[in-house]
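Novice: Sharing a structure with you now.
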Amino acid sequence: MIRRFYQKHKHTLTLFDGFFLNNTVLERGLVIAPIIVAGNTMKNAVMLSIAFVIITFFTVLVSSFIPKKLPYTIRAIMHTVLAAILFIPVSYFLQGYFPEAVYKAGIFLPLLVTNSLIVSKGESRFFKKTRGVMAVDLLSHVLGFSLVACIVGAIREILGSGSFWEIPLGLGETAPMLMFPFAGFILLGFLAAALQKFRLYVTREPKALAKEETAPDGSEQPESAN
Amino acid sequence: MGETIQIGKSRKKQPLDEASKMRRKKNGDILFALIPVLLMAVYYFGVRSLFLAAYAIIFSVASDYLCLRLTGQKKWQRYDLSSLISPLILVLILPASIPYWIAIVGVLIANLVAKYPFGGYGKNIFNPAAVAFAILAIGWPDRVFAYPQPFDSLGISSTVQASLGQGIAYRLQLGGAPSISGMDRLLGHFAGPMGATCILVLIACGIYLLARRTISWQIVLGTLGSSALIAFLFPRILVGRLDSVSFEMIAGILLFGAVFMASDPVTSPKTGWGKALYGVLLGTLTMLFRYFGKMEITFAYALLLCNAVAPKCDEYMAVAVKGVKAGCRALLKKAGSETSPQEVQP
């Protein structure tokens, strides 16, 4: 049913595919470091998401006005400088709301300034579109990052320390290893594999499916014909 | 229709190819050698260890089948017993008091993290049991490194009421010598991992596997020899060098790992010299981690590192052996050309 819905509304949905099917983290493998290292509680994940959404969205929007005549090196530097300027108010805002989480995230929060959506994807994907389409695409990309960060943060906090938003849930057994970075890698790998499976399922057209099932084994074809 | 029946018949009559034969011999031997170790565990720690093994095997086979179907295969390869061997190995290097669910998590990690993402049986880079043990040891160190005494009644419930103690490896780490008599050391009358304490049985299994050429003597000798040498030269305890060697040998899972885990044909080097280098590296790393690390059981971590460099062991040793041979030949030639004129003169 999901597949039929997707096939029907394919053209509308491809506009938002950065949110889920073409996810920044799970599908492309970009910006995974903050999620793996710092995204081990829900609070950290929300903080990272807010910082990422604000910094990336406005930076890419503004930097799309930078003229293309400048050489790439200078443009890339300007993008990061814009992001760094934007980071100052964002960091004050976050320190007010999540003082501990900002301390825990350490270097990975300032490092969002040089994330690959700003540095390379802006040039290779977003600036090629018209501004309206670009804004929608960009928004779905940054929200897709937030979605993954929150899922990973929630799973790791619930199973790793038995709490959610620092409220204990009263689980009997926990797996403290989920708080370590290596478990973040493994978890992200499984999520990426699941998304890949889902994407293949959804994007495959039913007719192609029927053809492929019979094609490899020649002996089965007469039976299906009968 | 007729064609399909013919295919089915001819498949049954097909003789075993070389790979299947090797698989049958090696996997069958290792599984056979694991049985006495498991029986010793049952003798020392009660029926609970049998239950642990049963749970582990059931979940391993189930998850294995699920992964096989997910990767598009219909059934197991011929004589692929790895879904029985790796859970048994994993369970035998855990303490008998481990809750069932931790063992099951370990088995799932072995299959889902270490085996199938790399392509399934025969393609895994790292030993699945070692990966699972390494992750469990980081995840629940207070459970994995707390051992019951032999002949304690553990019951078969998931949580164990008996008092748990530290293993030999922990005492060696603190610099104290455990007071265990020579015969008890051999028979396994001390707290430790479920299957890694019955030293005599392990030695017998090792000799059996060596005689059948299922495991290679280079790896076993390299591992045990290098670690014994380090223990002899730099003892951690003050009661004597030979005692140091014997305690380091029986501590942790060194002997069990050298026999059952290091020689895994999938993850170890292929050439003789490569195996020797691999074994020496494994023993040295294990001892170094023991001396300078915080972990109690270091063999699994050393094994994972060595698994990663196993193909390079083959390469480097091939180059080294070639170089030494060429050098010897050149020296002989030189010596021959120097001596031959003298011989001619008289």
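Simple scheme: letters A, B, ... for chains in structure tokens order, numbers from 1 for residues in each chain, numbers from 1 for ligands in the order shown.
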Taking 2 positions as the minimum chain separation for residues in the same chain, which residues sit within 7 Å of region 42-55 of chain A when counting only C-alpha atoms? Answer as a list in words.
Specialist: Ala38, Gly39, Asn40, Phe57, Phe58, Thr59, Ala83, Leu86, Phe87, Val90, Leu94, Ala101, Leu109, Leu112, Val142, Leu143, Ser146, Ala149, Cys150, Gly153, Ala154, Glu157, Phe164 and Trp165 of chain A
Novice: May I have the residues from that selection written out with C-alpha atoms, as a PDB file, in the first residue's frame?
Specialist:
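Dumped to out_39.pdb:
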ATOM      1  CA  ALA A  38      27.217  13.622  20.746  1.00  0.00           C
ATOM      2  CA  GLY A  39      23.780  12.253  19.929  1.00  0.00           C
ATOM      3  CA  ASN A  40      23.545   9.780  22.761  1.00  0.00           C
ATOM      4  CA  PHE A  57      19.185  26.497   6.532  1.00  0.00           C
ATOM      5  CA  PHE A  58      19.996  30.178   6.790  1.00  0.00           C
ATOM      6  CA  THR A  59      23.607  29.813   5.705  1.00  0.00           C
ATOM      7  CA  ALA A  83      27.886  29.875   9.093  1.00  0.00           C
ATOM      8  CA  LEU A  86      25.405  32.580  12.493  1.00  0.00           C
ATOM      9  CA  PHE A  87      26.810  30.179  15.066  1.00  0.00           C
ATOM     10  CA  VAL A  90      22.814  30.103  18.107  1.00  0.00           C
ATOM     11  CA  LEU A  94      21.540  26.903  23.193  1.00  0.00           C
ATOM     12  CA  ALA A 101      24.248  19.339  26.692  1.00  0.00           C
ATOM     13  CA  LEU A 109      28.661  21.614  18.099  1.00  0.00           C
ATOM     14  CA  LEU A 112      28.470  21.890  12.538  1.00  0.00           C
ATOM     15  CA  VAL A 142      17.861  19.590   7.517  1.00  0.00           C
ATOM     16  CA  LEU A 143      14.682  18.188   9.030  1.00  0.00           C
ATOM     17  CA  SER A 146      16.901  16.183  12.880  1.00  0.00           C
ATOM     18  CA  ALA A 149      19.360  12.551  15.294  1.00  0.00           C
ATOM     19  CA  CYS A 150      16.230  12.325  17.430  1.00  0.00           C
ATOM     20  CA  GLY A 153      19.214   9.853  20.523  1.00  0.00           C
ATOM     21  CA  ALA A 154      15.929   8.383  21.757  1.00  0.00           C
ATOM     22  CA  GLU A 157      18.953   7.040  25.778  1.00  0.00           C
ATOM     23  CA  PHE A 164      13.894   9.649  28.312  1.00  0.00           C
ATOM     24  CA  TRP A 165      14.625  13.382  28.470  1.00  0.00           C
TER      25      TRP A 165
END
Novice: Identify all chain A residues at most 7 Å from chain B by counting only C-alpha atoms; ligands do not count. Present them as a PyMOL selection string.
Specialist: chain A and resi 175-177
Novice: With only C-alpha atoms as the counted atoms, please give the residues lying no more than 10 Å from Pro36 (chain B), apart from itself and same-chain residues fewer than 2 positions off, as a list in words.
Specialist: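 Non-adjacent residues within range: Leu31, Phe32, Ala33, Leu34, Leu38, Leu39, Met40, Ala41, Val42, Gly195, Cys198, Val201, Leu202, Ala204 and Cys205 of chain B.
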Novice: For Leu238 (chain B), which residue out of B:Pro99, B:Gly28, B:Gly106, B:Pro178 is the nearest one, using only C-alpha atoms?
Specialist: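 Of all the options, B:Pro178 lies closest to Leu238 (chain B).
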Novice: Can you measure CA of Thr114 (chain A) to CA of Val152 (chain A) for me? One decimal in Å is fine.
Specialist: 21.8 Å
Novice: Enumerate, as a short mmCIF file (atom, residue, chain, number, x, y, z; two decimals) with N, CA and C atoms, in the first residue's frame, the complete set of residues in region 60-285 of chain B that a backbone-based DSSP assignment places in alpha helix (DSSP H).
Specialist:
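This is the output file result.cif:
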data_model
loop_
_atom_site.label_atom_id
_atom_site.label_comp_id
_atom_site.auth_asym_id
_atom_site.auth_seq_id
_atom_site.Cartn_x
_atom_site.Cartn_y
_atom_site.Cartn_z
N SER B 60 21.00 -18.37 17.61
CA SER B 60 21.96 -18.20 16.52
C SER B 60 21.42 -18.77 15.23
N VAL B 61 20.87 -19.98 15.29
CA VAL B 61 20.35 -20.60 14.07
C VAL B 61 19.19 -19.78 13.50
N ALA B 62 18.33 -19.30 14.42
CA ALA B 62 17.18 -18.52 13.95
C ALA B 62 17.63 -17.24 13.27
N SER B 63 18.55 -16.49 13.93
CA SER B 63 18.97 -15.22 13.34
C SER B 63 19.77 -15.45 12.07
N ASP B 64 20.53 -16.56 12.07
CA ASP B 64 21.29 -16.91 10.88
C ASP B 64 20.36 -17.15 9.69
N TYR B 65 19.29 -17.88 9.94
CA TYR B 65 18.36 -18.19 8.86
C TYR B 65 17.69 -16.91 8.35
N LEU B 66 17.33 -16.06 9.31
CA LEU B 66 16.70 -14.78 8.94
C LEU B 66 17.63 -13.96 8.05
N CYS B 67 18.93 -13.90 8.45
CA CYS B 67 19.89 -13.12 7.66
C CYS B 67 20.10 -13.76 6.29
N LEU B 68 20.12 -15.09 6.25
CA LEU B 68 20.26 -15.77 4.97
C LEU B 68 19.14 -15.38 4.03
N ARG B 69 17.91 -15.39 4.55
CA ARG B 69 16.78 -15.04 3.71
C ARG B 69 16.87 -13.57 3.29
N LEU B 70 17.34 -12.71 4.22
CA LEU B 70 17.45 -11.29 3.89
C LEU B 70 18.48 -11.07 2.79
N SER B 82 28.86 -22.95 11.05
CA SER B 82 29.32 -21.80 11.83
C SER B 82 28.22 -21.28 12.74
N SER B 83 26.96 -21.50 12.37
CA SER B 83 25.90 -21.00 13.24
C SER B 83 25.75 -21.88 14.48
N LEU B 84 26.44 -23.01 14.53
CA LEU B 84 26.49 -23.79 15.77
C LEU B 84 27.79 -23.52 16.52
N ILE B 85 28.88 -23.31 15.76
CA ILE B 85 30.19 -23.22 16.40
C ILE B 85 30.36 -21.89 17.12
N SER B 86 30.04 -20.76 16.43
CA SER B 86 30.37 -19.49 17.08
C SER B 86 29.53 -19.23 18.34
N PRO B 87 28.23 -19.60 18.40
CA PRO B 87 27.55 -19.40 19.69
C PRO B 87 28.12 -20.28 20.80
N LEU B 88 28.54 -21.49 20.44
CA LEU B 88 29.13 -22.37 21.46
C LEU B 88 30.43 -21.75 21.99
N ILE B 89 31.27 -21.25 21.08
CA ILE B 89 32.53 -20.64 21.51
C ILE B 89 32.24 -19.43 22.39
N LEU B 90 31.28 -18.61 21.96
CA LEU B 90 30.95 -17.40 22.73
C LEU B 90 30.49 -17.76 24.13
N VAL B 91 29.60 -18.77 24.22
CA VAL B 91 29.06 -19.13 25.53
C VAL B 91 30.16 -19.69 26.42
N LEU B 92 31.09 -20.42 25.82
CA LEU B 92 32.13 -21.06 26.64
C LEU B 92 33.16 -20.06 27.16
N TYR B 100 20.82 -15.16 30.79
CA TYR B 100 20.58 -15.71 29.45
C TYR B 100 20.49 -14.62 28.39
N TRP B 101 19.86 -13.51 28.77
CA TRP B 101 19.62 -12.49 27.73
C TRP B 101 20.91 -11.86 27.24
N ILE B 102 21.94 -11.80 28.12
CA ILE B 102 23.21 -11.22 27.64
C ILE B 102 23.84 -12.15 26.62
N ALA B 103 23.78 -13.46 26.91
CA ALA B 103 24.34 -14.42 25.95
C ALA B 103 23.61 -14.32 24.61
N ILE B 104 22.28 -14.14 24.69
CA ILE B 104 21.49 -14.06 23.45
C ILE B 104 21.84 -12.78 22.68
N VAL B 105 22.01 -11.68 23.43
CA VAL B 105 22.43 -10.43 22.77
C VAL B 105 23.77 -10.64 22.08
N GLY B 106 24.67 -11.36 22.77
CA GLY B 106 25.99 -11.62 22.18
C GLY B 106 25.88 -12.41 20.89
N VAL B 107 25.03 -13.43 20.90
CA VAL B 107 24.86 -14.25 19.71
C VAL B 107 24.31 -13.42 18.55
N LEU B 108 23.34 -12.55 18.89
CA LEU B 108 22.76 -11.70 17.83
C LEU B 108 23.82 -10.74 17.28
N ILE B 109 24.67 -10.21 18.20
CA ILE B 109 25.75 -9.32 17.72
C ILE B 109 26.67 -10.09 16.78
N PRO B 128 33.43 -13.85 14.60
CA PRO B 128 32.17 -13.38 15.17
C PRO B 128 32.12 -13.51 16.70
N ALA B 129 32.63 -14.64 17.23
CA ALA B 129 32.58 -14.82 18.68
C ALA B 129 33.43 -13.78 19.38
N ALA B 130 34.59 -13.43 18.78
CA ALA B 130 35.47 -12.44 19.41
C ALA B 130 34.83 -11.06 19.39
N VAL B 131 34.16 -10.72 18.28
CA VAL B 131 33.48 -9.43 18.21
C VAL B 131 32.40 -9.35 19.28
N ALA B 132 31.60 -10.43 19.37
CA ALA B 132 30.51 -10.43 20.34
C ALA B 132 31.06 -10.32 21.75
N PHE B 133 32.14 -11.07 22.03
CA PHE B 133 32.70 -11.01 23.38
C PHE B 133 33.25 -9.62 23.68
N ALA B 134 33.92 -9.02 22.69
CA ALA B 134 34.51 -7.70 22.91
C ALA B 134 33.42 -6.69 23.25
N ILE B 135 32.30 -6.76 22.51
CA ILE B 135 31.23 -5.78 22.75
C ILE B 135 30.55 -6.05 24.09
N LEU B 136 30.33 -7.33 24.40
CA LEU B 136 29.69 -7.65 25.69
C LEU B 136 30.58 -7.21 26.84
N ALA B 137 31.90 -7.39 26.69
CA ALA B 137 32.81 -7.03 27.77
C ALA B 137 32.84 -5.53 28.00
N ILE B 138 32.65 -4.75 26.95
CA ILE B 138 32.57 -3.30 27.14
C ILE B 138 31.21 -2.92 27.72
N GLY B 139 30.18 -3.64 27.27
CA GLY B 139 28.82 -3.28 27.67
C GLY B 139 28.51 -3.62 29.11
N PRO B 141 30.73 -5.04 31.86
CA PRO B 141 31.95 -5.62 32.45
C PRO B 141 31.70 -6.26 33.81
N ASP B 142 30.75 -5.73 34.58
CA ASP B 142 30.53 -6.29 35.91
C ASP B 142 29.90 -7.68 35.85
N ARG B 143 29.22 -7.98 34.73
CA ARG B 143 28.63 -9.31 34.60
C ARG B 143 29.59 -10.28 33.92
N VAL B 144 30.32 -9.77 32.91
CA VAL B 144 31.16 -10.66 32.11
C VAL B 144 32.42 -11.06 32.87
N ILE B 168 41.48 -15.32 37.61
CA ILE B 168 42.93 -15.25 37.81
C ILE B 168 43.49 -13.99 37.15
N ALA B 169 42.96 -13.66 35.98
CA ALA B 169 43.50 -12.52 35.23
C ALA B 169 43.43 -11.25 36.05
N TYR B 170 42.35 -11.10 36.82
CA TYR B 170 42.18 -9.89 37.63
C TYR B 170 43.24 -9.84 38.73
N ARG B 171 43.48 -10.99 39.37
CA ARG B 171 44.47 -11.00 40.46
C ARG B 171 45.87 -10.76 39.92
N LEU B 172 46.14 -11.31 38.74
CA LEU B 172 47.45 -11.06 38.14
C LEU B 172 47.62 -9.58 37.82
N GLN B 173 46.51 -8.96 37.42
CA GLN B 173 46.56 -7.54 37.08
C GLN B 173 46.92 -6.71 38.30
N LEU B 174 46.45 -7.16 39.48
CA LEU B 174 46.77 -6.43 40.70
C LEU B 174 48.16 -6.77 41.21
N GLY B 182 49.13 -27.09 41.77
CA GLY B 182 49.45 -27.47 40.40
C GLY B 182 48.37 -28.32 39.76
N MET B 183 47.86 -29.29 40.52
CA MET B 183 46.86 -30.20 39.94
C MET B 183 45.55 -29.45 39.70
N ASP B 184 45.20 -28.56 40.64
CA ASP B 184 43.97 -27.79 40.47
C ASP B 184 44.06 -26.89 39.24
N ARG B 185 45.26 -26.37 38.98
CA ARG B 185 45.43 -25.55 37.79
C ARG B 185 45.11 -26.35 36.54
N LEU B 186 45.56 -27.59 36.52
CA LEU B 186 45.34 -28.40 35.32
C LEU B 186 43.89 -28.83 35.20
N LEU B 187 43.27 -29.15 36.33
CA LEU B 187 41.90 -29.68 36.28
C LEU B 187 40.85 -28.58 36.18
N ILE B 199 41.94 -27.02 31.82
CA ILE B 199 43.15 -26.92 31.00
C ILE B 199 43.50 -28.25 30.34
N LEU B 200 43.39 -29.34 31.10
CA LEU B 200 43.78 -30.65 30.54
C LEU B 200 42.91 -31.00 29.34
N VAL B 201 41.61 -30.77 29.48
CA VAL B 201 40.69 -31.08 28.37
C VAL B 201 41.01 -30.21 27.17
N LEU B 202 41.33 -28.94 27.45
CA LEU B 202 41.66 -28.04 26.33
C LEU B 202 42.92 -28.51 25.62
N ILE B 203 43.92 -28.96 26.42
CA ILE B 203 45.16 -29.44 25.80
C ILE B 203 44.86 -30.67 24.94
N ALA B 204 44.03 -31.56 25.48
CA ALA B 204 43.69 -32.77 24.72
C ALA B 204 42.97 -32.40 23.42
N CYS B 205 42.02 -31.46 23.51
CA CYS B 205 41.30 -31.03 22.31
C CYS B 205 42.27 -30.42 21.31
N GLY B 206 43.20 -29.61 21.85
CA GLY B 206 44.19 -28.98 20.97
C GLY B 206 45.02 -30.02 20.25
N ILE B 207 45.47 -31.06 20.98
CA ILE B 207 46.30 -32.09 20.35
C ILE B 207 45.49 -32.83 19.29
N TYR B 208 44.22 -33.11 19.61
CA TYR B 208 43.36 -33.78 18.63
C TYR B 208 43.23 -32.96 17.35
N LEU B 209 42.96 -31.66 17.54
CA LEU B 209 42.76 -30.81 16.37
C LEU B 209 44.06 -30.63 15.59
N LEU B 210 45.19 -30.57 16.33
CA LEU B 210 46.49 -30.46 15.66
C LEU B 210 46.78 -31.72 14.87
N ALA B 211 46.47 -32.87 15.47
CA ALA B 211 46.76 -34.13 14.79
C ALA B 211 45.90 -34.29 13.55
N TRP B 217 49.63 -25.64 13.52
CA TRP B 217 50.55 -25.59 14.68
C TRP B 217 51.29 -24.27 14.75
N GLN B 218 51.44 -23.61 13.57
CA GLN B 218 52.17 -22.34 13.60
C GLN B 218 51.46 -21.32 14.48
N ILE B 219 50.12 -21.26 14.32
CA ILE B 219 49.38 -20.25 15.08
C ILE B 219 49.39 -20.59 16.56
N VAL B 220 49.10 -21.87 16.87
CA VAL B 220 49.03 -22.26 18.29
C VAL B 220 50.39 -22.07 18.95
N LEU B 221 51.44 -22.55 18.29
CA LEU B 221 52.77 -22.45 18.87
C LEU B 221 53.21 -20.99 18.98
N GLY B 222 52.92 -20.22 17.93
CA GLY B 222 53.31 -18.81 17.95
C GLY B 222 52.63 -18.07 19.09
N THR B 223 51.32 -18.28 19.22
CA THR B 223 50.57 -17.58 20.26
C THR B 223 51.06 -17.96 21.65
N LEU B 224 51.02 -19.28 21.91
CA LEU B 224 51.36 -19.73 23.27
C LEU B 224 52.84 -19.49 23.55
N GLY B 225 53.70 -19.73 22.54
CA GLY B 225 55.13 -19.57 22.76
C GLY B 225 55.50 -18.14 23.07
N SER B 226 54.98 -17.20 22.27
CA SER B 226 55.38 -15.81 22.49
C SER B 226 54.84 -15.30 23.81
N SER B 227 53.59 -15.70 24.16
CA SER B 227 53.07 -15.19 25.43
C SER B 227 53.80 -15.84 26.61
N ALA B 228 54.19 -17.12 26.47
CA ALA B 228 54.94 -17.76 27.55
C ALA B 228 56.30 -17.12 27.71
N LEU B 229 56.92 -16.79 26.60
CA LEU B 229 58.25 -16.16 26.65
C LEU B 229 58.16 -14.82 27.37
N ILE B 230 57.14 -14.03 27.03
CA ILE B 230 57.00 -12.72 27.68
C ILE B 230 56.73 -12.91 29.17
N ALA B 231 55.87 -13.90 29.50
CA ALA B 231 55.56 -14.14 30.91
C ALA B 231 56.81 -14.60 31.66
N PHE B 232 57.69 -15.34 30.99
CA PHE B 232 58.91 -15.83 31.63
C PHE B 232 59.92 -14.70 31.83
N LEU B 233 60.04 -13.84 30.82
CA LEU B 233 61.05 -12.78 30.89
C LEU B 233 60.63 -11.63 31.80
N ARG B 241 59.43 -17.35 38.10
CA ARG B 241 59.16 -17.20 36.67
C ARG B 241 58.27 -18.32 36.14
N LEU B 242 58.48 -19.56 36.59
CA LEU B 242 57.69 -20.66 36.04
C LEU B 242 56.24 -20.55 36.48
N ASP B 243 56.03 -20.13 37.74
CA ASP B 243 54.67 -19.91 38.20
C ASP B 243 54.01 -18.81 37.38
N SER B 244 54.78 -17.77 37.08
CA SER B 244 54.25 -16.68 36.26
C SER B 244 53.77 -17.22 34.91
N VAL B 245 54.62 -18.08 34.29
CA VAL B 245 54.24 -18.64 32.99
C VAL B 245 52.95 -19.45 33.13
N SER B 246 52.89 -20.31 34.15
CA SER B 246 51.72 -21.19 34.23
C SER B 246 50.46 -20.38 34.53
N PHE B 247 50.57 -19.36 35.38
CA PHE B 247 49.36 -18.57 35.67
C PHE B 247 48.92 -17.76 34.45
N GLU B 248 49.91 -17.19 33.73
CA GLU B 248 49.51 -16.41 32.56
C GLU B 248 48.86 -17.30 31.50
N MET B 249 49.31 -18.56 31.44
CA MET B 249 48.73 -19.46 30.44
C MET B 249 47.28 -19.79 30.77
N ILE B 250 46.99 -20.02 32.06
CA ILE B 250 45.63 -20.45 32.39
C ILE B 250 44.71 -19.27 32.67
N LEU B 254 43.20 -17.42 27.16
CA LEU B 254 44.31 -17.54 26.22
C LEU B 254 44.38 -18.93 25.58
N LEU B 255 44.33 -19.98 26.41
CA LEU B 255 44.49 -21.33 25.86
C LEU B 255 43.29 -21.71 24.99
N PHE B 256 42.10 -21.44 25.51
CA PHE B 256 40.88 -21.73 24.74
C PHE B 256 40.89 -21.00 23.41
N GLY B 272 52.10 -20.66 5.60
CA GLY B 272 52.71 -21.11 6.84
C GLY B 272 53.43 -20.00 7.58
N TRP B 273 54.27 -19.24 6.86
CA TRP B 273 55.01 -18.17 7.51
C TRP B 273 54.09 -17.07 7.98
N GLY B 274 53.06 -16.80 7.20
CA GLY B 274 52.07 -15.80 7.61
C GLY B 274 51.40 -16.20 8.91
N LYS B 275 51.09 -17.51 9.02
CA LYS B 275 50.47 -17.99 10.24
C LYS B 275 51.39 -17.82 11.44
N ALA B 276 52.69 -18.09 11.21
CA ALA B 276 53.64 -17.95 12.31
C ALA B 276 53.70 -16.51 12.81
N LEU B 277 53.78 -15.57 11.84
CA LEU B 277 53.82 -14.15 12.23
C LEU B 277 52.54 -13.76 12.97
N TYR B 278 51.42 -14.25 12.44
CA TYR B 278 50.10 -13.97 13.04
C TYR B 278 50.05 -14.47 14.49
N GLY B 279 50.56 -15.69 14.70
CA GLY B 279 50.54 -16.26 16.04
C GLY B 279 51.40 -15.46 17.00
N VAL B 280 52.61 -15.11 16.55
CA VAL B 280 53.51 -14.35 17.43
C VAL B 280 52.91 -12.99 17.75
N LEU B 281 52.33 -12.37 16.74
CA LEU B 281 51.70 -11.06 16.93
C LEU B 281 50.56 -11.16 17.94
N LEU B 282 49.77 -12.22 17.80
CA LEU B 282 48.61 -12.41 18.68
C LEU B 282 49.05 -12.59 20.12
N GLY B 283 50.04 -13.47 20.34
CA GLY B 283 50.51 -13.70 21.70
C GLY B 283 51.11 -12.45 22.30
N THR B 284 51.92 -11.75 21.52
CA THR B 284 52.58 -10.54 22.03
C THR B 284 51.56 -9.47 22.38
N LEU B 285 50.58 -9.27 21.47
CA LEU B 285 49.57 -8.24 21.72
C LEU B 285 48.75 -8.58 22.96
#
Novice: What separation in Å, quoted to one decimal, exists between CA of Ala310 (chain B) and CA of Ser268 (chain B)?
Specialist: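 Between these atoms lies a distance of 5.8 Å.
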Novice: I'd like the contact shell of Ser157 (chain B) - 12 Å cut-off, only C-alpha atoms, skipping same-chain residues fewer than 5 positions apart - returned as a PyMOL selection string.
Specialist: chain B and resi 47-49+51-52+96-101+162
Novice: Which residue, A:Gln95, A:Val113, A:Leu191, A:Leu21, has the smallest gap to Leu82 (chain A) when you use only C-alpha atoms?
Specialist: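 When distances to Leu82 (chain A) are compared using only C-alpha atoms, the smallest one comes from A:Val113.
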